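Here the structure is laid out as structure tokens; the discussion comes afterwards.
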Amino acid sequence: MLKNNKVDISFNDDTSSISVCFHDPEIKITDTETFINVNAKWFKINLSRKSEGIIEDKLVKVVETIFSGQSDGLSLKISIHLRHYVDRNLVGIYGSLKNDGTETLMIFDFALVRRALVDFGGENEDIKAHIAHGIAHPTVVPMIVKDENGKKNFHANSNGMATLATKDSALTMGFVTGKVNRPIISVSYENELDTVRVDGIARFNGMELSPKESIDTDMLILQSSDNPFTLLESYTDLIAEIEPPRKTKATTGWCSWYAIRMPISHDFTMANAHVVADRLKDLGMDIMLLDHGWQTGDICGDWDEDINDYPKGLEGLAKDLGDLGLKLGIWIAPTEVAQTSKVFTEHPDWVLKDKDGNPQETWKWYWAPNPSQYQMDATNPDAYKYIVETFRRLTEKGSAYYKIDFIAGCSGENLFPIDPKAVRGWTPLQKAMQAIREGAGEDAYIRYCQTPPLLSNGLADGVYATNDTLDAGASTWNILREVFRMSSAEYYLQGLYIHEACDLSIRAHAGTEECRLRVMMLALSGSSIMFSDDLTKLPEERIVMMQQTMPPFPKPARPINLFTATMPDIWHLHCSAKGIEWDLLALYNFDENQKQVSVSMKDLGLAEGEYIIREFWTEEFIGIKSGSVDFLVPGLGARLYSFWRLLDRPQYVGTNLHLSQGEAELANISWDKESKRLSGTFSRAKGIIGKAYFNIPSEWKVKSSSYPIMRQNGGLWAMELLFEDAELSWEIVFC
């Protein structure tokens, strides 16, 4: 049907199936059929070609083939739109439905692609699948697992997208919008046939389609590459092309949760605010977030501040924070409704129901008084208005930042909305997110906990889709490992919103190595920086660690072994500032014993040559290396190495002021060949103490230096820095 040097698309009239063959690498998706579930009954759709032509959409030039679909006994007019993007290795598919009958139909799953066979052109043994479990928990898992009985079958549903990768080829199937249907990608391995199959399903979950009413599904895409990272990042780019993101900058703040849990108060908040103002504000920290416990009764639904804890009200707290140059943030779970709340007592019709139309209890609240919980139905106009008015009121009281928690609870497919046109398990969440933005206002920073990318894009400023990291030093390593795996797997979403990590504790109960790992996980993910401890009790070492993460990194590190290791514990980030470039290598160890890690510079994308390598925390000079390098990482710890291309003259090789080692603090730098003068300016905050590092070849001697500089063990030189003002200029003259 369609052929070029990137992809062939063919249609089999006998089987009514579409096949797509990508070239370079060669990946075939064959036996692609179309099915639909209407009124809880499955129908196979028989397709026939209707038209073909060149059009333009938001992804520019495209060849579109339209198929008409028919099925006996089905009063639906169906068409499948197949789009081949001529200048991209990309195919798009969406479906159109029109009820041509006289009775309302209930639309369930519309399988645009059902049980399509995927052929990578070789053995299936090493296939890994990037999937998002539940509503938004991404991981990379092997599709083929062996036990004592041999290979096991595999099946997983993923919300929005799945990427399958072998050692030299990869395929992404995913929806690029989520405005109409719940996007489901299903991947499976069938041991008996040794086959890999995929499904692309537009899920409507019983949505009513009235006579003469029409609806189009969201767009499903297929894309291939020899590099799975390229596909993940391209997928984000496609979403952003169709629906531009908010382009918000990462924030920096303090959260009350791990600091004190429930007994949060005006006085406790202000005590921590004074530490922030004195030590952290000038580095960018300006949010003081009240987590769960600020509201009356410690329950969800009514959202009024507890006047005993906040005698001045939220307005008074916002004013006192503003006097210090800080802003108020609020944790809120806007779709959670406690049975004991006033809103539930007066408006039980505002919550999602069971199949019989009764309010559906979903769980018991974790914290006393442990009421039964229900979920707000934002498809109800009155409930939608209540969410809008709640956030508008809180914004008027002074809140500039919102942490939205537990909102995924309204996405259960067992919960029935009042709107028959809503997609169960999807539209209530979508409408709630829209109401939050409408009420909070465009200027508010909205950070969601565990919402899917296709709903978050354009509405969220930040999203974290992992579990909580819990208190430092509390023996939570199993949880921390899973948080790390999930965070690694969603690094590529930074193009849609700030890929957030959880609020982080680095309290004194934990050892130094654990806290180094924690802050590296937070900062190098490109996250906003949100620390959560009682700052009045933190030792100086931990305050300095906090300072070393601020401001947030402008982009995330890439976990280079995401598709090749059980634990993606090797992260790489290319950095640049003021005309110089360097690379960071973050190595994590979640085992109790130390381990040796060998890393090839080729794997980091470094050009051939010699590199100066230094470790951030220990100040260890690893040496001048080329090729592969062996590193030793302590148990339950992490190390951060910087790589600097060796020059034939004295050169700057980072600081201990910030984990980036230059991007945050290097305001300018220059080398004057004639005067043999290396000079620059660092920008931090008044009172900061630190070091800058230099490699000085043996044939060069220091003639003079603005600040004390001495040779360290191993060969590098360290300049002692004391910021008497926010900027510090320096120079070293050589002879």
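We name chains A, B, ... following the order of the structure tokens; residues begin at 1 in each chain, and ligands are numbered from 1 as shown.
Excluding Ser670 of chain A and any residue on its chain fewer than 4 positions from it, the residues at most 10 Å away by only C-alpha atoms are Lys578, Gly579, Ile580, Gln651, Tyr652, Arg677, Leu678, Ser679, Gly680, Thr681 and Glu731 of chain A.
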From the DSSP assignment of the backbone, select every residue of segment 595-649 of chain A that is strand (DSSP E), and format the answer as a ChimeraX atom specification. /A:595-600,611-615,621-625,628-633,637-645
Excluding segment 204-214 of chain A and residues on its chain fewer than 3 positions from it, collect all residues at most 12 Å away from it, counting only C-alpha atoms, and give them as a VMD selection string. chain A and resid 36 to 41 75 to 79 95 to 111 178 to 184 201 217 to 218 355 411 to 427
Using only C-alpha atoms, which of A:Ala685, A:Ala400, A:Ile498, A:Ala136 sits nearest Arg279 of chain A?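 Closest residue, counting only C-alpha atoms: A:Ala685.
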Compile the contact shell of segment 246-258 of chain A as a ChimeraX atom specification: residues with an atom at most 9 Å away, counting only C-alpha atoms, same-chain residues fewer than 4 positions apart removed. /A:262,264,268-269,272-273,276,283-293,329,445,457-462,470-472,495-500,503-505,526-534,550-554
